[in-house]
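Student: Just one file: structure-v8.txt, with compact mmCIF, C-alpha atoms.
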# COMPACT_ATOMS: atom_id res chain seq x y z
CA MET A 1 -4.79 22.80 38.73
CA ASP A 2 -4.87 19.06 39.40
CA LEU A 3 -1.55 17.68 38.18
CA ASN A 4 -2.54 14.09 38.95
CA LYS A 5 -5.71 14.38 36.85
CA ASN A 6 -3.79 15.99 34.00
CA ALA A 7 -1.19 13.21 34.10
CA VAL A 8 -3.91 10.57 33.69
CA GLU A 9 -5.34 12.42 30.68
CA ILE A 10 -1.89 12.80 29.13
CA ARG A 11 -1.16 9.10 29.56
CA LYS A 12 -4.53 8.15 28.05
CA SER A 13 -3.77 10.35 25.05
CA ILE A 14 -0.34 8.75 24.63
CA VAL A 15 -1.58 5.18 24.43
CA ASP A 16 -4.60 6.16 22.33
CA MET A 17 -2.61 8.01 19.67
CA ILE A 18 -0.05 5.22 19.41
CA PHE A 19 -2.90 2.72 19.03
CA HIS A 20 -4.44 4.76 16.20
CA SER A 21 -1.14 5.00 14.35
CA GLN A 22 -0.08 1.42 15.19
CA SER A 23 3.38 2.93 15.50
CA GLY A 24 5.31 4.85 18.14
CA HIS A 25 7.14 4.64 21.44
CA PRO A 26 4.90 4.17 24.49
CA GLY A 27 7.43 3.10 27.14
CA GLY A 28 9.67 6.15 27.17
CA SER A 29 6.73 8.50 26.56
CA LEU A 30 4.87 7.30 29.65
CA SER A 31 7.99 7.60 31.81
CA ILE A 32 8.34 11.38 31.34
CA VAL A 33 4.72 12.46 31.89
CA GLU A 34 5.21 13.99 35.35
CA LEU A 35 8.26 15.97 34.22
CA LEU A 36 6.43 17.43 31.22
CA ASN A 37 3.20 17.95 33.15
CA TYR A 38 4.99 19.96 35.83
CA LEU A 39 7.03 21.93 33.29
CA TYR A 40 3.99 23.12 31.36
CA GLY A 41 1.61 23.28 34.31
CA LYS A 42 3.83 25.03 36.85
CA GLU A 43 7.43 25.72 35.89
CA MET A 44 7.88 27.25 32.47
CA ASN A 45 7.04 30.75 31.30
CA VAL A 46 5.08 29.75 28.18
CA SER A 47 1.64 30.60 26.83
CA LYS A 48 -0.67 28.77 24.46
CA ASP A 49 -1.89 32.18 23.30
CA ASN A 50 1.59 33.36 22.29
CA PRO A 51 3.74 30.25 21.69
CA LYS A 52 6.41 32.25 19.82
CA ASP A 53 6.89 34.91 22.52
CA PRO A 54 10.62 35.78 22.25
CA ASN A 55 10.85 36.05 26.04
CA ARG A 56 9.37 32.60 26.70
CA ASP A 57 11.21 29.69 28.29
CA ARG A 58 12.17 26.92 25.86
CA PHE A 59 11.77 23.15 26.02
CA VAL A 60 13.69 20.67 23.87
CA LEU A 61 12.69 17.00 23.76
CA SER A 62 16.14 15.56 23.06
CA LYS A 63 14.68 12.05 23.10
CA GLY A 64 12.52 12.98 20.13
CA HIS A 65 11.06 9.50 19.70
CA ALA A 66 8.97 10.22 22.83
CA SER A 67 6.95 12.72 20.77
CA PRO A 68 3.59 11.30 21.96
CA ALA A 69 4.42 12.66 25.42
CA ILE A 70 5.05 16.23 24.25
CA TYR A 71 2.08 16.19 21.86
CA ALA A 72 -0.28 14.92 24.56
CA THR A 73 1.03 17.51 27.03
CA LEU A 74 0.76 20.41 24.59
CA ALA A 75 -2.79 19.37 23.70
CA GLU A 76 -3.71 19.04 27.38
CA TYR A 77 -2.54 22.62 27.95
CA GLY A 78 -4.39 24.01 24.95
CA PHE A 79 -1.62 24.60 22.41
CA PHE A 80 -3.70 22.73 19.83
CA ASP A 81 -6.96 20.76 19.71
CA LYS A 82 -6.94 17.27 21.18
CA GLU A 83 -8.89 16.07 18.15
CA LEU A 84 -5.61 16.23 16.24
CA LEU A 85 -3.96 13.57 18.41
CA PRO A 86 -5.40 10.48 16.63
CA THR A 87 -3.75 11.69 13.40
CA PHE A 88 -0.33 10.96 14.95
CA ARG A 89 2.16 9.62 12.35
CA LYS A 90 -0.44 9.81 9.57
CA ILE A 91 0.42 11.27 6.16
CA GLU A 92 -0.21 15.06 6.11
CA SER A 93 -0.55 15.22 9.91
CA PRO A 94 1.64 17.83 11.66
CA LEU A 95 2.13 15.30 14.46
CA GLN A 96 4.91 13.25 12.93
CA GLY A 97 6.96 10.58 14.69
CA HIS A 98 9.49 13.19 15.79
CA PRO A 99 8.54 16.76 16.74
CA ASP A 100 8.55 19.41 14.00
CA SER A 101 8.92 23.00 15.22
CA LYS A 102 7.54 24.39 11.96
CA LYS A 103 4.27 22.48 12.20
CA VAL A 104 3.37 22.05 15.88
CA PRO A 105 2.56 25.03 18.14
CA GLY A 106 4.68 24.87 21.30
CA VAL A 107 7.48 22.77 19.81
CA ASP A 108 10.63 24.90 19.96
CA VAL A 109 13.13 22.57 18.27
CA SER A 110 12.73 19.71 15.78
CA THR A 111 14.43 16.64 17.26
CA GLY A 112 15.01 12.99 16.50
CA SER A 113 18.69 12.23 16.06
CA LEU A 114 19.84 11.44 19.59
CA GLY A 115 22.29 13.90 21.12
CA GLN A 116 21.29 16.81 18.93
CA GLY A 117 18.49 18.00 21.19
CA ILE A 118 20.73 18.79 24.14
CA SER A 119 23.14 20.46 21.73
CA ASN A 120 20.34 22.73 20.52
CA ALA A 121 19.34 23.41 24.13
CA VAL A 122 22.89 24.53 24.94
CA GLY A 123 22.77 26.89 21.97
CA LEU A 124 19.42 28.32 23.07
CA ALA A 125 20.68 28.84 26.62
CA LEU A 126 23.86 30.52 25.39
CA GLY A 127 21.82 32.73 23.07
CA ALA A 128 19.58 33.79 25.97
CA LYS A 129 22.67 34.71 27.99
CA MET A 130 24.09 36.75 25.11
CA ASP A 131 20.74 38.55 24.74
CA LYS A 132 20.63 39.18 28.49
CA SER A 133 17.25 37.42 28.53
CA ASP A 134 15.69 35.83 31.61
CA ALA A 135 14.51 32.90 29.49
CA ARG A 136 15.34 29.45 30.81
CA VAL A 137 15.91 26.32 28.73
CA TYR A 138 14.84 22.79 29.66
CA THR A 139 15.63 19.54 27.90
CA ILE A 140 14.86 15.85 28.51
CA LEU A 141 17.28 13.12 27.41
CA GLY A 142 16.86 9.39 27.51
CA ASP A 143 19.47 7.57 29.57
CA GLY A 144 20.34 5.39 26.57
CA GLU A 145 20.91 8.64 24.70
CA LEU A 146 23.88 9.28 26.98
CA GLN A 147 25.75 6.68 24.93
CA GLU A 148 26.03 9.36 22.22
CA GLY A 149 29.34 11.22 22.39
CA LEU A 150 27.63 14.41 21.20
CA VAL A 151 25.84 14.61 24.57
CA TRP A 152 29.11 15.03 26.41
CA GLU A 153 30.45 17.62 23.97
CA ALA A 154 27.29 19.63 24.66
CA ALA A 155 27.68 19.12 28.41
CA MET A 156 31.26 20.34 28.28
CA ALA A 157 30.18 23.51 26.45
CA ALA A 158 27.29 24.12 28.87
CA ALA A 159 29.64 24.03 31.85
CA HIS A 160 32.31 26.12 30.09
CA TYR A 161 29.82 28.92 29.40
CA LYS A 162 28.33 28.67 32.91
CA LEU A 163 24.80 28.21 31.57
CA ASP A 164 22.88 28.37 34.83
CA ASN A 165 19.73 28.99 32.75
CA LEU A 166 19.91 25.41 31.42
CA VAL A 167 18.27 22.39 33.06
CA VAL A 168 19.07 18.95 31.64
CA MET A 169 16.74 16.15 32.75
CA VAL A 170 17.75 12.53 32.26
CA ASP A 171 14.87 10.06 31.98
CA ASN A 172 16.66 7.34 33.91
CA ASN A 173 14.43 4.31 33.32
CA GLY A 174 17.36 1.96 32.75
CA MET A 175 16.15 0.62 29.39
CA GLN A 176 16.48 1.26 25.68
CA ILE A 177 15.23 -0.34 22.48
CA ASP A 178 17.69 -3.28 22.66
CA GLY A 179 17.10 -4.08 26.33
CA LEU A 180 18.67 -2.99 29.60
CA ASN A 181 21.19 -0.17 29.31
CA ASP A 182 23.68 -2.20 31.32
CA ASP A 183 23.50 -4.99 28.74
CA VAL A 184 23.95 -2.64 25.77
CA VAL A 185 26.52 -0.08 26.95
CA GLY A 186 26.71 0.43 30.71
CA LEU A 187 26.38 4.06 31.80
CA GLY A 188 27.99 3.74 35.21
CA ASP A 189 27.28 6.51 37.72
CA ILE A 190 25.34 9.08 35.67
CA ALA A 191 25.24 11.66 38.45
CA SER A 192 29.01 11.48 38.94
CA LYS A 193 29.58 11.89 35.21
CA PHE A 194 27.56 15.10 35.03
CA SER A 195 29.21 16.35 38.19
CA ALA A 196 32.64 15.71 36.67
CA PHE A 197 31.55 17.75 33.63
CA GLY A 198 30.79 20.70 35.90
CA PHE A 199 27.05 20.41 36.45
CA ASN A 200 25.00 21.02 39.55
CA VAL A 201 23.47 17.54 39.95
CA ILE A 202 20.17 16.60 41.61
CA ALA A 203 18.75 13.07 41.82
CA ILE A 204 14.97 12.65 42.11
CA ASP A 205 12.03 10.30 41.65
CA ALA A 206 10.68 11.28 38.21
CA HIS A 207 7.10 10.62 39.32
CA ASP A 208 7.10 12.64 42.57
CA TYR A 209 5.84 16.19 42.05
CA GLY A 210 7.28 17.38 45.36
CA GLN A 211 10.76 16.25 44.36
CA ILE A 212 10.33 17.69 40.87
CA GLU A 213 9.32 21.07 42.30
CA ASP A 214 12.24 21.11 44.74
CA ALA A 215 14.68 20.22 41.96
CA PHE A 216 13.50 23.03 39.68
CA ASN A 217 13.64 25.51 42.55
CA SER A 218 17.16 24.40 43.40
CA ALA A 219 18.21 24.69 39.74
CA ARG A 220 16.84 28.23 39.59
CA GLU A 221 18.76 29.24 42.70
CA HIS A 222 22.07 27.67 41.63
CA LYS A 223 24.30 30.17 39.86
CA GLY A 224 27.35 29.71 37.66
CA ALA A 225 26.68 26.20 36.34
CA PRO A 226 24.00 24.25 34.47
CA THR A 227 21.87 21.75 36.38
CA ALA A 228 21.38 18.05 35.59
CA ILE A 229 18.35 16.38 37.13
CA ILE A 230 18.78 12.60 37.16
CA ALA A 231 15.15 11.51 37.25
CA LYS A 232 14.73 7.85 38.19
CA SER A 233 11.68 6.71 36.26
CA VAL A 234 9.61 3.66 35.36
CA LYS A 235 9.42 2.85 31.66
CA GLY A 236 5.75 2.47 30.72
CA ARG A 237 4.63 4.14 33.96
CA GLY A 238 0.89 3.85 34.64
CA VAL A 239 0.16 0.81 32.47
CA SER A 240 1.03 -2.32 34.42
CA PHE A 241 1.80 -4.60 31.47
CA MET A 242 4.11 -1.99 29.95
CA GLU A 243 6.01 -1.08 33.11
CA ASN A 244 9.71 -2.05 33.15
CA GLN A 245 9.32 -3.97 29.90
CA PRO A 246 11.94 -3.05 27.24
CA GLY A 247 9.73 -4.67 24.62
CA TRP A 248 7.29 -1.76 24.95
CA HIS A 249 9.95 0.72 23.88
CA GLY A 250 8.67 0.96 20.32
CA ILE A 251 5.53 -1.09 19.68
CA ALA A 252 1.84 -0.18 19.62
CA PRO A 253 -0.97 -1.76 21.66
CA ASN A 254 -3.79 -3.65 19.99
CA LYS A 255 -7.43 -2.81 20.76
CA GLU A 256 -7.64 -5.20 23.72
CA GLN A 257 -4.43 -3.80 25.20
CA LEU A 258 -5.60 -0.23 24.61
CA ASP A 259 -8.86 -0.88 26.45
CA ALA A 260 -6.99 -2.48 29.34
CA ALA A 261 -4.54 0.42 29.53
CA ILE A 262 -7.32 3.06 29.49
CA ALA A 263 -9.24 1.18 32.18
CA GLU A 264 -6.14 1.05 34.41
CA LEU A 265 -5.43 4.73 33.93
CA GLU A 266 -9.01 5.77 34.62
CA ALA A 267 -8.89 3.81 37.88
CA LEU A 268 -5.89 5.79 39.18
Is it possible to give me this structure as structure tokens?

Tutor:
Amino acid sequence: MDLNKNAVEIRKSIVDMIFHSQSGHPGGSLSIVELLNYLYGKEMNVSKDNPKDPNRDRFVLSKGHASPAIYATLAEYGFFDKELLPTFRKIESPLQGHPDSKKVPGVDVSTGSLGQGISNAVGLALGAKMDKSDARVYTILGDGELQEGLVWEAAMAAAHYKLDNLVVMVDNNGMQIDGLNDDVVGLGDIASKFSAFGFNVIAIDAHDYGQIEDAFNSAREHKGAPTAIIAKSVKGRGVSFMENQPGWHGIAPNKEQLDAAIAELEAL
């Protein structure tokens, strides 16, 4: 399996589907591609042939507005046909702006309201513990999402119940819809916050597969506490004119911009 090749295809699908809908969130979708690509390509016990297997691992996209990233990844790994991707956000399409677990194969939890995804993930991890299941639960949050108090209530519960089958990834790109996080509500030292809440904390480069692999292995080996992976990322990663630009949080490219983005990605 060529993770780098898959990542290019996933990124191309992201910008293409957002172009076709003329609506969506490219910046924070592009920043989590490597995390999702590694999860579905290497890490998680999931199968496109049996997406409802009760013994499977679960993934929750807590930052549900980054749905193009999970849709593109699921399509890349065969959970549904790629031909469905251009219907993103269209009436009657199962691929709505936020993931719907009842309509999209491979989506475990419907998400959208920030903070609720990690809360669902904690519940899934606790349920797996109660069932004495080996299933693991993974969730990705936006760093701006950490401004939601609900996140920290969920974190407190995860540590209290010693959910070492839970991995919380923070897409730490430093930006949100209104600009830089520090200009909206500063988050301070994210790693120290999760550590204070009782998490095993690992800081990585979100685009380095070696660091991603090491972090997941470390999380699996750590017992008695959940793991938080603080993944330093680049908003809009892979498309030069979108990178580190808060303005690309929630707008769609025009045809000229789409062509330029695809050309850049194909040259990687």

Student: Find the residues around range 169-173 of chain A up to 6 Å (all atoms listed in the file counted), leave out those fewer than 4 positions away in its own chain, and share them as a PyMOL selection string.

Tutor: chain A and resi 140-143+228-235

Student: Name all residues at most 8 Å from Val137 in chain A (count only C-alpha atoms; drop same-chain ones fewer than 6 positions away) and give them as a PyMOL selection string.

Tutor: chain A and resi 57-60+121+124-125+165-167

Student: Pick the closest to Glu264 in chain A from A:Glu9, A:Asp81, A:Asp131, A:Asp2: which is it, counting all atoms listed in the file?

Tutor: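 Looking only at the distances to Glu264 in chain A, the closest residue turns out to be A:Glu9.
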
Student: What gap, in Å, lies between CA of Ala155 in chain A and CA of Ile118 in chain A?

Tutor: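 A separation of 8.2 Å between them.
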
Student: Counting all atoms listed in the file, find residues at most 6 Å from (9.5, 30.4, 28.9) (file frame) and give them as an NGL selection string.

Tutor: :A and (44-46 or 56-58 or 135)

Student: Export C-alpha atoms of the chosen residues as a JSON list (two decimals), in the frame of the given file?

Tutor:
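New file out_1.json:
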[["chain", "number", "residue", "atom", "x", "y", "z"],
["A", 44, "MET", "CA", 7.88, 27.25, 32.47],
["A", 45, "ASN", "CA", 7.04, 30.75, 31.30],
["A", 46, "VAL", "CA", 5.08, 29.75, 28.18],
["A", 56, "ARG", "CA", 9.37, 32.60, 26.70],
["A", 57, "ASP", "CA", 11.21, 29.69, 28.29],
["A", 58, "ARG", "CA", 12.17, 26.92, 25.86],
["A", 135, "ALA", "CA", 14.51, 32.90, 29.49]]

Student: Give the answer as one residue: which of A:Ser93, A:Ser23, A:Gln147, A:Ser101 has the shortest atom-to-atom distance to Pro51 in chain A, using all atoms listed in the file?

Tutor: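 Counting all atoms listed in the file, the residue closest to Pro51 in chain A is A:Ser101.
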
Student: Expressed in Å to a single decimal, how great is the separation between CA of Trp248 in chain A and CA of Trp152 in chain A?

Tutor: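 Here the two named atoms are 27.6 Å from each other.
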
Student: Smallest atom-to-atom distance to Ser195 in chain A: which of A:Ala225, A:Ala261, A:Ala215, A:Ile91, using all atoms listed in the file?

Tutor: A:Ala225

Student: Interatomic distance between CA of Met242 in chain A and CA of Ala206 in chain A?

Tutor: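 Rounded to one decimal, the two atoms are 17.0 Å apart.
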
Student: Tell me which protein, DNA and RNA residues are within 8 Å of range 13-19 of chain A, counting all atoms listed in the file, leaving out same-chain ones fewer than 3 positions away, and put them as a PyMOL selection string.

Tutor: chain A and resi 9-10+22-26+29-30+68-69+72+85-88+252-255+258+261-262

Student: Based on the selection just made, write C-alpha atoms of those residues as a tab-separated table (two decimals), keeping the file's coordinate frame.

Tutor:
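Printed below is out-v9.tsv as written:
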chain	number	residue	atom	x	y	z
A	9	GLU	CA	-5.34	12.42	30.68
A	10	ILE	CA	-1.89	12.80	29.13
A	22	GLN	CA	-0.08	1.42	15.19
A	23	SER	CA	3.38	2.93	15.50
A	24	GLY	CA	5.31	4.85	18.14
A	25	HIS	CA	7.14	4.64	21.44
A	26	PRO	CA	4.90	4.17	24.49
A	29	SER	CA	6.73	8.50	26.56
A	30	LEU	CA	4.87	7.30	29.65
A	68	PRO	CA	3.59	11.30	21.96
A	69	ALA	CA	4.42	12.66	25.42
A	72	ALA	CA	-0.28	14.92	24.56
A	85	LEU	CA	-3.96	13.57	18.41
A	86	PRO	CA	-5.40	10.48	16.63
A	87	THR	CA	-3.75	11.69	13.40
A	88	PHE	CA	-0.33	10.96	14.95
A	252	ALA	CA	1.84	-0.18	19.62
A	253	PRO	CA	-0.97	-1.76	21.66
A	254	ASN	CA	-3.79	-3.65	19.99
A	255	LYS	CA	-7.43	-2.81	20.76
A	258	LEU	CA	-5.60	-0.23	24.61
A	261	ALA	CA	-4.54	0.42	29.53
A	262	ILE	CA	-7.32	3.06	29.49

Student: Which residue is closest to Pro105 in chain A? Choose from A:Val151, A:Val184, A:Met175, A:Ile70 and count all atoms listed in the file.

Tutor: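 Counting all atoms listed in the file, the residue closest to Pro105 in chain A is A:Ile70.
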
Student: Considering only C-alpha atoms, state which residue in the set A:Thr227, A:Ser110, A:Asn244, A:Asn181 is at the smallest distance from Phe197 in chain A.

Tutor: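 Answer, going by the shortest atom-to-atom distance: A:Thr227.
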
Student: Which residue, A:Val168, A:Ala159, A:Ile204, A:Asp108, has the smallest gap to Asp53 in chain A when you use only C-alpha atoms?

Tutor: A:Asp108

Student: Please check which residues have atoms at most 8 Å from (3.8, 25.4, 28.5) in the file's coordinates, counting only C-alpha atoms, and write them as a PyMOL selection string.

Tutor: chain A and resi 39-41+44-48+74+77+106

Student: Which residues are near Gly97 in chain A? Cut-off 7 Å, all atoms listed in the file, ignore same chain within fewer than 5 positions. Put them as a PDB file with C-alpha atoms, in the frame of the given file.

Tutor:
ATOM      1  CA  GLY A  24       5.310   4.850  18.140  1.00  0.00           C
ATOM      2  CA  HIS A  65      11.060   9.500  19.700  1.00  0.00           C
ATOM      3  CA  SER A  67       6.950  12.720  20.770  1.00  0.00           C
ATOM      4  CA  ARG A  89       2.160   9.620  12.350  1.00  0.00           C
TER       5      ARG A  89
END

Student: Need to verify the contact set: Gly123 in chain A, 9 Å, all atoms listed in the file, exclusion of same-chain residues closer than 5 positions in sequence. Can you return it as a VMD selection string?

Tutor: chain A and resid 118 128 154 158

Student: Edge lengths and centre in Å to one decimal, as JSON, of the axis-aligned box that encloses all listed atoms of range 79-84 of chain A with 4 Å added on every side?

Tutor:
{"center_x": -5.3, "center_y": 20.3, "center_z": 19.3, "size_x": 15.3, "size_y": 16.5, "size_z": 14.2}
